[in-house]
Amino acid sequence: MPKHLSSTEFNDATIAKQRAELLSWYEQNKRTLPWRDIHDPWATWVSEIMLQQTRVASVLEYFDRFMTRFPTPSALADAEWDEVASLWAGLGYYSRAKNLWKGAKQVVNEHNGEVPSDPKAVLALSGVGPYTAGAILSIAFAQEAPIVDGNVIRVFTRLYTIGDNIQDSQTQKQLWGLAETWVKGEKPGDLNQAIMELGATVCTPKVPMCLLCPLQKSCLAYQQADPLHYPYKLKKTKKRPIEVYLGLILKKCSSDTDENERYAIYQRKATGLLGGLWALPMLLRSSNSKPVKASEYAVFFPDKSDVSEFLSPKISPKAQPMVKHAFTHKEWQVWPVLIDVSQQSERFINELEAQLALSFSQLQWYSIHELDALALGGPSLKALIQAGAPLKARRGSGR
């Protein structure tokens, strides 16, 4: 645990000097990123939403493609959710994409398709909180609007040896107060980006490069030789494992080519984890025995009193190795099984579809080529790739 200090060794004159040093450093050292130096509020908004909980390197491969398809709020507002989700697939936290989509509709309906510059109007947009609003207002509109993210927190807590729990409301208030003081002056957008850039490239979490820092001389944590003590927050609780059954249910059409193989998938409800994404049939597992027995997959056919008709000898489910998929506070341990019904009669498959439809609404059959174009949730994508399906690699696929 760090020393709990709350430094008072800063004032307006000190901050003005630090601010000038940081802006000079930023001008010489900033990375070239596609959303920088264009002063487009829509591009700023999209980039900041994508960057939430996501590394810059991961966003780079998504941003250009997304902006090419949706260069304006109107273009996004006119799109169907499935297309939006497919272009977001792999970035995770899909509620961000849904809020951006809803926010674009607000801009079209309430602001004639132009991202507003009024702070209250920006904060009223779906999914936009104080941080995103501050980024849009300062970067795109040159307003003195503060931002506080993980990088800013790390820089400020080290610079001023703020050792209190950063999750505490009073500490958050102090950090936002510092951000408000720092952003006042010339180039507020560059200033905000400079603090974040410093945190991302120099004042890093585990290996801070203090000798390269433009604020080294005035950094109290550096003077104490303990920058790694900051920031302080309570330890994360261990992610709760949840076991899930997953069915790789496969049939073939008239041709024997791989392109005529079809997997049963369904669209998940709009709310909750993986909301609105496409998935292979999944059900929670209550047993803790491992490995999963093939007979357990009778759970996919809830209304069939004699499940033997759907399992061996007509169908021999083949259990696959477990795959893991982590969310913020929980981890899914996914147990897939391959259920190949290609050799069964049309009547049998129709009955199977009727059974599955009781638990999985809007069940459809898609080829691998078609699945590549859909917003397929991470657990299903990982299971398919593990089973040998030639799907394109993307973030969240486990490779």
# chains A, B, ... in the order shown; residues from 1 in each chain; ligands from 1
>>> residues_around(residues="Pro231 in chain A", least_positions_apart="5", cutoff="12 Å", atoms="only C-alpha atoms", output="NGL selection string")
:A and (1-5 or 150-167 or 171-172 or 175 or 199 or 203-206 or 221 or 226)
>>> write_last_selection(atoms="N, CA and C atoms", output="mmCIF file, in the first residue's frame")
data_model
loop_
_atom_site.group_PDB
_atom_site.id
_atom_site.type_symbol
_atom_site.label_atom_id
_atom_site.label_comp_id
_atom_site.auth_asym_id
_atom_site.auth_seq_id
_atom_site.Cartn_x
_atom_site.Cartn_y
_atom_site.Cartn_z
ATOM 1 N N MET A 1 0.862 -1.197 0.000
ATOM 2 C CA MET A 1 0.000 0.000 0.000
ATOM 3 C C MET A 1 0.890 1.235 0.000
ATOM 4 N N PRO A 2 0.568 2.234 -0.793
ATOM 5 C CA PRO A 2 1.409 3.422 -0.846
ATOM 6 C C PRO A 2 1.236 4.296 0.387
ATOM 7 N N LYS A 3 2.169 5.212 0.551
ATOM 8 C CA LYS A 3 2.011 6.227 1.590
ATOM 9 C C LYS A 3 0.834 7.111 1.196
ATOM 10 N N HIS A 4 -0.071 7.329 2.094
ATOM 11 C CA HIS A 4 -1.260 8.123 1.762
ATOM 12 C C HIS A 4 -0.973 9.604 1.980
ATOM 13 N N LEU A 5 -0.489 10.231 0.913
ATOM 14 C CA LEU A 5 -0.156 11.642 0.956
ATOM 15 C C LEU A 5 -1.107 12.408 0.062
ATOM 16 N N GLY A 150 -7.712 6.768 -17.161
ATOM 17 C CA GLY A 150 -6.669 6.045 -16.445
ATOM 18 C C GLY A 150 -5.289 6.672 -16.590
ATOM 19 N N ASN A 151 -4.971 7.152 -17.783
ATOM 20 C CA ASN A 151 -3.673 7.777 -17.996
ATOM 21 C C ASN A 151 -3.539 9.083 -17.216
ATOM 22 N N VAL A 152 -4.589 9.893 -17.251
ATOM 23 C CA VAL A 152 -4.574 11.161 -16.518
ATOM 24 C C VAL A 152 -4.438 10.896 -15.021
ATOM 25 N N ILE A 153 -5.174 9.915 -14.520
ATOM 26 C CA ILE A 153 -5.105 9.563 -13.101
ATOM 27 C C ILE A 153 -3.680 9.173 -12.722
ATOM 28 N N ARG A 154 -3.048 8.348 -13.554
ATOM 29 C CA ARG A 154 -1.695 7.897 -13.242
ATOM 30 C C ARG A 154 -0.706 9.069 -13.210
ATOM 31 N N VAL A 155 -0.795 9.962 -14.180
ATOM 32 C CA VAL A 155 0.103 11.122 -14.215
ATOM 33 C C VAL A 155 -0.106 12.007 -12.990
ATOM 34 N N PHE A 156 -1.360 12.344 -12.685
ATOM 35 C CA PHE A 156 -1.629 13.260 -11.573
ATOM 36 C C PHE A 156 -1.281 12.657 -10.212
ATOM 37 N N THR A 157 -1.622 11.386 -10.010
ATOM 38 C CA THR A 157 -1.335 10.791 -8.690
ATOM 39 C C THR A 157 0.162 10.692 -8.447
ATOM 40 N N ARG A 158 0.942 10.476 -9.503
ATOM 41 C CA ARG A 158 2.395 10.425 -9.337
ATOM 42 C C ARG A 158 2.988 11.835 -9.210
ATOM 43 N N LEU A 159 2.501 12.734 -10.035
ATOM 44 C CA LEU A 159 3.027 14.095 -10.032
ATOM 45 C C LEU A 159 2.838 14.751 -8.674
ATOM 46 N N TYR A 160 1.672 14.493 -8.037
ATOM 47 C CA TYR A 160 1.346 15.153 -6.772
ATOM 48 C C TYR A 160 1.280 14.186 -5.589
ATOM 49 N N THR A 161 1.768 12.962 -5.771
ATOM 50 C CA THR A 161 1.727 11.920 -4.721
ATOM 51 C C THR A 161 0.371 11.862 -4.024
ATOM 52 N N ILE A 162 -0.665 11.673 -4.825
ATOM 53 C CA ILE A 162 -2.018 11.484 -4.284
ATOM 54 C C ILE A 162 -2.171 9.996 -3.998
ATOM 55 N N GLY A 163 -2.107 9.637 -2.721
ATOM 56 C CA GLY A 163 -2.053 8.226 -2.356
ATOM 57 C C GLY A 163 -3.356 7.629 -1.882
ATOM 58 N N ASP A 164 -4.441 8.376 -1.957
ATOM 59 C CA ASP A 164 -5.736 7.836 -1.534
ATOM 60 C C ASP A 164 -6.323 6.947 -2.625
ATOM 61 N N ASN A 165 -7.261 6.122 -2.243
ATOM 62 C CA ASN A 165 -7.905 5.200 -3.177
ATOM 63 C C ASN A 165 -8.558 5.983 -4.318
ATOM 64 N N ILE A 166 -8.142 5.724 -5.553
ATOM 65 C CA ILE A 166 -8.660 6.492 -6.684
ATOM 66 C C ILE A 166 -10.117 6.174 -6.986
ATOM 67 N N GLN A 167 -10.642 5.121 -6.374
ATOM 68 C CA GLN A 167 -12.058 4.804 -6.572
ATOM 69 C C GLN A 167 -12.960 5.567 -5.607
ATOM 70 N N THR A 171 -11.428 11.419 -3.843
ATOM 71 C CA THR A 171 -10.222 11.395 -4.671
ATOM 72 C C THR A 171 -10.569 11.733 -6.112
ATOM 73 N N GLN A 172 -11.677 11.187 -6.598
ATOM 74 C CA GLN A 172 -12.120 11.507 -7.952
ATOM 75 C C GLN A 172 -12.388 13.006 -8.095
ATOM 76 N N LEU A 175 -9.110 14.817 -8.421
ATOM 77 C CA LEU A 175 -8.497 14.618 -9.737
ATOM 78 C C LEU A 175 -9.195 15.449 -10.808
ATOM 79 N N GLY A 199 0.861 9.539 -20.181
ATOM 80 C CA GLY A 199 0.516 8.348 -19.406
ATOM 81 C C GLY A 199 0.614 7.073 -20.215
ATOM 82 N N CYS A 203 4.747 7.626 -18.719
ATOM 83 C CA CYS A 203 4.336 7.378 -17.328
ATOM 84 C C CYS A 203 3.453 6.128 -17.282
ATOM 85 N N THR A 204 4.025 5.012 -17.715
ATOM 86 C CA THR A 204 3.271 3.770 -17.893
ATOM 87 C C THR A 204 3.062 3.052 -16.556
ATOM 88 N N PRO A 205 2.126 2.111 -16.497
ATOM 89 C CA PRO A 205 1.789 1.492 -15.204
ATOM 90 C C PRO A 205 2.938 0.756 -14.529
ATOM 91 N N LYS A 206 3.657 -0.086 -15.256
ATOM 92 C CA LYS A 206 4.632 -0.969 -14.604
ATOM 93 C C LYS A 206 6.084 -0.546 -14.791
ATOM 94 N N ALA A 221 6.522 11.916 -6.943
ATOM 95 C CA ALA A 221 6.752 10.472 -6.861
ATOM 96 C C ALA A 221 8.159 10.129 -7.337
ATOM 97 N N ASP A 226 9.485 6.421 -5.821
ATOM 98 C CA ASP A 226 8.488 5.344 -5.698
ATOM 99 C C ASP A 226 7.265 5.576 -6.586
#
>>> residues_around(residues="Val108 in chain A", least_positions_apart="3", cutoff="12 Å", atoms="only C-alpha atoms", output="PDB file with N, CA and C atoms, in the first residue's frame")
ATOM      1  N   THR A  72     -20.227  10.113 -41.215  1.00  0.00           N
ATOM      2  CA  THR A  72     -21.006  11.150 -40.540  1.00  0.00           C
ATOM      3  C   THR A  72     -21.992  10.498 -39.578  1.00  0.00           C
ATOM      4  N   PRO A  73     -22.503  11.252 -38.610  1.00  0.00           N
ATOM      5  CA  PRO A  73     -23.551  10.700 -37.747  1.00  0.00           C
ATOM      6  C   PRO A  73     -24.757  10.218 -38.552  1.00  0.00           C
ATOM      7  N   SER A  74     -25.103  10.914 -39.630  1.00  0.00           N
ATOM      8  CA  SER A  74     -26.253  10.517 -40.447  1.00  0.00           C
ATOM      9  C   SER A  74     -26.062   9.134 -41.049  1.00  0.00           C
ATOM     10  N   ALA A  75     -24.831   8.845 -41.510  1.00  0.00           N
ATOM     11  CA  ALA A  75     -24.557   7.541 -42.112  1.00  0.00           C
ATOM     12  C   ALA A  75     -24.755   6.427 -41.088  1.00  0.00           C
ATOM     13  N   LEU A  76     -24.310   6.656 -39.856  1.00  0.00           N
ATOM     14  CA  LEU A  76     -24.496   5.644 -38.817  1.00  0.00           C
ATOM     15  C   LEU A  76     -25.963   5.543 -38.420  1.00  0.00           C
ATOM     16  N   ALA A  77     -26.624   6.657 -38.301  1.00  0.00           N
ATOM     17  CA  ALA A  77     -28.035   6.657 -37.888  1.00  0.00           C
ATOM     18  C   ALA A  77     -28.904   5.888 -38.870  1.00  0.00           C
ATOM     19  N   ASP A  78     -28.546   5.905 -40.153  1.00  0.00           N
ATOM     20  CA  ASP A  78     -29.337   5.228 -41.188  1.00  0.00           C
ATOM     21  C   ASP A  78     -29.060   3.738 -41.269  1.00  0.00           C
ATOM     22  N   TRP A 101     -24.592   4.435 -31.814  1.00  0.00           N
ATOM     23  CA  TRP A 101     -25.634   4.341 -32.845  1.00  0.00           C
ATOM     24  C   TRP A 101     -26.860   5.176 -32.434  1.00  0.00           C
ATOM     25  N   LYS A 102     -27.273   5.023 -31.179  1.00  0.00           N
ATOM     26  CA  LYS A 102     -28.406   5.801 -30.678  1.00  0.00           C
ATOM     27  C   LYS A 102     -28.060   7.293 -30.633  1.00  0.00           C
ATOM     28  N   GLY A 103     -26.823   7.606 -30.222  1.00  0.00           N
ATOM     29  CA  GLY A 103     -26.399   8.993 -30.166  1.00  0.00           C
ATOM     30  C   GLY A 103     -26.395   9.645 -31.538  1.00  0.00           C
ATOM     31  N   ALA A 104     -25.993   8.881 -32.555  1.00  0.00           N
ATOM     32  CA  ALA A 104     -26.014   9.409 -33.926  1.00  0.00           C
ATOM     33  C   ALA A 104     -27.441   9.742 -34.352  1.00  0.00           C
ATOM     34  N   LYS A 105     -28.385   8.914 -33.954  1.00  0.00           N
ATOM     35  CA  LYS A 105     -29.792   9.189 -34.264  1.00  0.00           C
ATOM     36  C   LYS A 105     -30.257  10.465 -33.558  1.00  0.00           C
ATOM     37  N   HIS A 111     -30.180  17.779 -33.845  1.00  0.00           N
ATOM     38  CA  HIS A 111     -29.136  18.772 -34.148  1.00  0.00           C
ATOM     39  C   HIS A 111     -28.808  18.834 -35.642  1.00  0.00           C
ATOM     40  N   ASN A 112     -29.773  18.453 -36.472  1.00  0.00           N
ATOM     41  CA  ASN A 112     -29.609  18.548 -37.924  1.00  0.00           C
ATOM     42  C   ASN A 112     -28.368  17.813 -38.439  1.00  0.00           C
ATOM     43  N   GLY A 113     -28.003  16.729 -37.771  1.00  0.00           N
ATOM     44  CA  GLY A 113     -26.891  15.906 -38.237  1.00  0.00           C
ATOM     45  C   GLY A 113     -25.519  16.401 -37.839  1.00  0.00           C
ATOM     46  N   GLU A 114     -25.429  17.515 -37.095  1.00  0.00           N
ATOM     47  CA  GLU A 114     -24.142  18.069 -36.681  1.00  0.00           C
ATOM     48  C   GLU A 114     -23.918  17.817 -35.190  1.00  0.00           C
ATOM     49  N   VAL A 115     -22.738  17.318 -34.836  1.00  0.00           N
ATOM     50  CA  VAL A 115     -22.415  17.107 -33.421  1.00  0.00           C
ATOM     51  C   VAL A 115     -22.440  18.459 -32.717  1.00  0.00           C
ATOM     52  N   PRO A 116     -23.208  18.608 -31.644  1.00  0.00           N
ATOM     53  CA  PRO A 116     -23.339  19.925 -30.994  1.00  0.00           C
ATOM     54  C   PRO A 116     -22.067  20.320 -30.246  1.00  0.00           C
ATOM     55  N   LEU A 125     -26.151  13.270 -25.083  1.00  0.00           N
ATOM     56  CA  LEU A 125     -26.069  12.234 -26.110  1.00  0.00           C
ATOM     57  C   LEU A 125     -25.908  10.864 -25.466  1.00  0.00           C
TER      58      LEU A 125
END
>>> atom_distance(atom1="CA of Glu331 in chain A", atom2="CA of Glu243 in chain A")
8.5 Å
>>> atom_distance(atom1="CA of Val84 in chain A", atom2="CA of Gln106 in chain A")
16.3 Å
>>> closest_atom_pairs(of="range 134-163 of chain A", to="range 41-52 of chain A", cutoff="10 Å", atoms="only C-alpha atoms", output="CSV")
residue,atom,partner,partner_atom,distance
A:Ala135,CA,A:Thr44,CA,7.3
A:Ile136,CA,A:Pro41,CA,5.9
A:Leu137,CA,A:Pro41,CA,8.0
A:Ser138,CA,A:Pro41,CA,9.7
A:Ile139,CA,A:Thr44,CA,7.3
A:Ala140,CA,A:Pro41,CA,4.9
A:Phe141,CA,A:Pro41,CA,7.5
A:Asp149,CA,A:Gln52,CA,9.1
A:Gly150,CA,A:Gln52,CA,9.9
>>> closest_residue(among="A:Ala194, A:Ala354, A:Ala389, A:Ile15", to="Gln28 in chain A", atoms="only C-alpha atoms")
A:Ala194
>>> closest_residue(among="A:Leu191, A:Ala121, A:Val56, A:Leu273", to="Pro379 in chain A", atoms="only C-alpha atoms")
A:Leu273
>>> closest_residue(among="A:Leu338, A:Leu87, A:Ile385, A:Ala20", to="Arg69 in chain A", atoms="only C-alpha atoms")
A:Leu87
>>> select_by_dssp(residues="range 73-280 of chain A", states="strand (DSSP E or B)", output="PyMOL selection string")
chain A and resi 165+232+240-252+261-267+278-279
>>> write_last_selection(atoms="C-alpha atoms", output="mmCIF file, in the first residue's frame")
data_model
loop_
_atom_site.group_PDB
_atom_site.id
_atom_site.type_symbol
_atom_site.label_atom_id
_atom_site.label_comp_id
_atom_site.auth_asym_id
_atom_site.auth_seq_id
_atom_site.Cartn_x
_atom_site.Cartn_y
_atom_site.Cartn_z
ATOM 1 C CA ASN A 165 -7.905 5.200 -3.177
ATOM 2 C CA TYR A 232 -3.601 3.278 -5.421
ATOM 3 C CA ARG A 240 -16.306 -15.443 -10.998
ATOM 4 C CA PRO A 241 -16.261 -18.497 -13.302
ATOM 5 C CA ILE A 242 -19.538 -19.430 -14.984
ATOM 6 C CA GLU A 243 -19.839 -22.687 -16.913
ATOM 7 C CA VAL A 244 -21.721 -22.684 -20.196
ATOM 8 C CA TYR A 245 -22.777 -25.376 -22.673
ATOM 9 C CA LEU A 246 -22.306 -24.504 -26.333
ATOM 10 C CA GLY A 247 -23.641 -26.503 -29.299
ATOM 11 C CA LEU A 248 -21.740 -26.653 -32.589
ATOM 12 C CA ILE A 249 -24.816 -28.005 -34.379
ATOM 13 C CA LEU A 250 -23.935 -28.734 -37.991
ATOM 14 C CA LYS A 251 -25.857 -29.798 -41.079
ATOM 15 C CA LYS A 252 -25.011 -29.955 -44.794
ATOM 16 C CA GLU A 261 -21.970 -26.728 -44.197
ATOM 17 C CA ARG A 262 -24.337 -24.755 -42.008
ATOM 18 C CA TYR A 263 -24.172 -24.039 -38.274
ATOM 19 C CA ALA A 264 -27.235 -23.275 -36.164
ATOM 20 C CA ILE A 265 -26.990 -19.780 -34.675
ATOM 21 C CA TYR A 266 -29.357 -17.317 -33.058
ATOM 22 C CA GLN A 267 -29.355 -13.639 -32.120
ATOM 23 C CA TRP A 278 -25.106 -13.717 -32.941
ATOM 24 C CA ALA A 279 -24.143 -16.907 -31.113
#
>>> atom_distance(atom1="CA of Pro188 in chain A", atom2="CA of His39 in chain A")
12.6 Å
>>> closest_residue(among="A:Leu100, A:Gly276, A:Lys120, A:Gly189", to="Gln143 in chain A", atoms="only C-alpha atoms")
A:Gly189
>>> closest_residue(among="A:Thr54, A:Ser117, A:Ser218, A:Thr14", to="Asp40 in chain A", atoms="only C-alpha atoms")
A:Ser117
>>> decode(residues="range 79-195 of chain A", atoms="C-alpha atoms", output="CSV table (one decimal), in the first residue's frame")
chain,number,residue,atom,x,y,z
A,79,ALA,CA,-27.6,1.9,-40.7
A,80,GLU,CA,-29.2,-1.3,-39.4
A,81,TRP,CA,-27.8,-2.6,-36.0
A,82,ASP,CA,-26.5,-5.8,-37.5
A,83,GLU,CA,-24.2,-3.9,-39.8
A,84,VAL,CA,-23.0,-1.7,-37.0
A,85,ALA,CA,-22.3,-4.7,-34.8
A,86,SER,CA,-20.5,-6.5,-37.5
A,87,LEU,CA,-18.0,-3.6,-38.0
A,88,TRP,CA,-17.6,-3.4,-34.2
A,89,ALA,CA,-17.2,-7.2,-33.7
A,90,GLY,CA,-14.0,-7.9,-31.8
A,91,LEU,CA,-13.8,-4.6,-29.9
A,92,GLY,CA,-16.0,-5.8,-27.2
A,93,TYR,CA,-18.3,-3.9,-24.8
A,94,TYR,CA,-21.0,-3.7,-27.5
A,95,SER,CA,-23.1,-1.4,-25.4
A,96,ARG,CA,-20.6,1.3,-26.5
A,97,ALA,CA,-21.5,0.7,-30.2
A,98,LYS,CA,-25.2,0.6,-29.5
A,99,ASN,CA,-25.0,3.9,-27.6
A,100,LEU,CA,-23.0,5.5,-30.4
A,101,TRP,CA,-25.6,4.3,-32.8
A,102,LYS,CA,-28.4,5.8,-30.7
A,103,GLY,CA,-26.4,9.0,-30.2
A,104,ALA,CA,-26.0,9.4,-33.9
A,105,LYS,CA,-29.8,9.2,-34.3
A,106,GLN,CA,-30.1,11.9,-31.6
A,107,VAL,CA,-27.7,14.1,-33.6
A,108,VAL,CA,-29.8,13.7,-36.7
A,109,ASN,CA,-33.1,14.2,-35.0
A,110,GLU,CA,-32.2,17.0,-32.6
A,111,HIS,CA,-29.1,18.8,-34.1
A,112,ASN,CA,-29.6,18.5,-37.9
A,113,GLY,CA,-26.9,15.9,-38.2
A,114,GLU,CA,-24.1,18.1,-36.7
A,115,VAL,CA,-22.4,17.1,-33.4
A,116,PRO,CA,-23.3,19.9,-31.0
A,117,SER,CA,-20.8,22.1,-29.3
A,118,ASP,CA,-22.9,23.0,-26.3
A,119,PRO,CA,-21.7,21.1,-23.2
A,120,LYS,CA,-25.2,20.3,-22.0
A,121,ALA,CA,-26.2,19.0,-25.4
A,122,VAL,CA,-23.1,16.9,-25.7
A,123,LEU,CA,-23.7,15.3,-22.3
A,124,ALA,CA,-27.3,14.5,-23.3
A,125,LEU,CA,-26.1,12.2,-26.1
A,126,SER,CA,-26.5,8.5,-25.5
A,127,GLY,CA,-23.4,6.9,-23.9
A,128,VAL,CA,-21.6,10.3,-23.5
A,129,GLY,CA,-20.3,10.9,-19.9
A,130,PRO,CA,-18.0,13.7,-18.5
A,131,TYR,CA,-14.9,12.1,-20.0
A,132,THR,CA,-16.2,11.7,-23.6
A,133,ALA,CA,-17.8,15.1,-23.4
A,134,GLY,CA,-14.6,16.7,-22.3
A,135,ALA,CA,-12.7,15.0,-25.2
A,136,ILE,CA,-15.2,16.2,-27.8
A,137,LEU,CA,-15.4,19.7,-26.5
A,138,SER,CA,-11.7,20.3,-25.9
A,139,ILE,CA,-10.3,18.4,-28.9
A,140,ALA,CA,-12.9,19.3,-31.6
A,141,PHE,CA,-14.1,22.6,-30.3
A,142,ALA,CA,-11.1,24.0,-28.4
A,143,GLN,CA,-13.2,24.5,-25.2
A,144,GLU,CA,-11.6,24.3,-21.7
A,145,ALA,CA,-13.3,21.1,-20.8
A,146,PRO,CA,-11.4,18.6,-18.5
A,147,ILE,CA,-11.0,14.9,-18.9
A,148,VAL,CA,-10.0,12.2,-16.5
A,149,ASP,CA,-9.1,8.7,-17.6
A,150,GLY,CA,-6.7,6.0,-16.4
A,151,ASN,CA,-3.7,7.8,-18.0
A,152,VAL,CA,-4.6,11.2,-16.5
A,153,ILE,CA,-5.1,9.6,-13.1
A,154,ARG,CA,-1.7,7.9,-13.2
A,155,VAL,CA,0.1,11.1,-14.2
A,156,PHE,CA,-1.6,13.3,-11.6
A,157,THR,CA,-1.3,10.8,-8.7
A,158,ARG,CA,2.4,10.4,-9.3
A,159,LEU,CA,3.0,14.1,-10.0
A,160,TYR,CA,1.3,15.2,-6.8
A,161,THR,CA,1.7,11.9,-4.7
A,162,ILE,CA,-2.0,11.5,-4.3
A,163,GLY,CA,-2.1,8.2,-2.4
A,164,ASP,CA,-5.7,7.8,-1.5
A,165,ASN,CA,-7.9,5.2,-3.2
A,166,ILE,CA,-8.7,6.5,-6.7
A,167,GLN,CA,-12.1,4.8,-6.6
A,168,ASP,CA,-13.1,7.0,-3.7
A,169,SER,CA,-15.5,9.9,-4.6
A,170,GLN,CA,-13.3,12.5,-2.8
A,171,THR,CA,-10.2,11.4,-4.7
A,172,GLN,CA,-12.1,11.5,-8.0
A,173,LYS,CA,-13.3,15.0,-7.1
A,174,GLN,CA,-9.7,16.1,-6.4
A,175,LEU,CA,-8.5,14.6,-9.7
A,176,TRP,CA,-11.3,16.3,-11.7
A,177,GLY,CA,-10.4,19.6,-10.0
A,178,LEU,CA,-6.8,19.2,-11.1
A,179,ALA,CA,-7.9,18.5,-14.6
A,180,GLU,CA,-10.1,21.6,-14.6
A,181,THR,CA,-7.1,23.7,-13.5
A,182,TRP,CA,-4.7,22.2,-16.1
A,183,VAL,CA,-7.0,22.6,-19.1
A,184,LYS,CA,-7.4,26.3,-18.6
A,185,GLY,CA,-5.2,28.1,-21.2
A,186,GLU,CA,-4.1,27.8,-24.8
A,187,LYS,CA,-4.7,24.6,-26.7
A,188,PRO,CA,-7.0,22.8,-24.3
A,189,GLY,CA,-7.5,19.9,-26.7
A,190,ASP,CA,-3.7,19.4,-27.1
A,191,LEU,CA,-3.2,19.7,-23.4
A,192,ASN,CA,-5.7,16.9,-22.7
A,193,GLN,CA,-4.2,14.7,-25.3
A,194,ALA,CA,-0.7,15.5,-24.0
A,195,ILE,CA,-1.5,14.2,-20.5
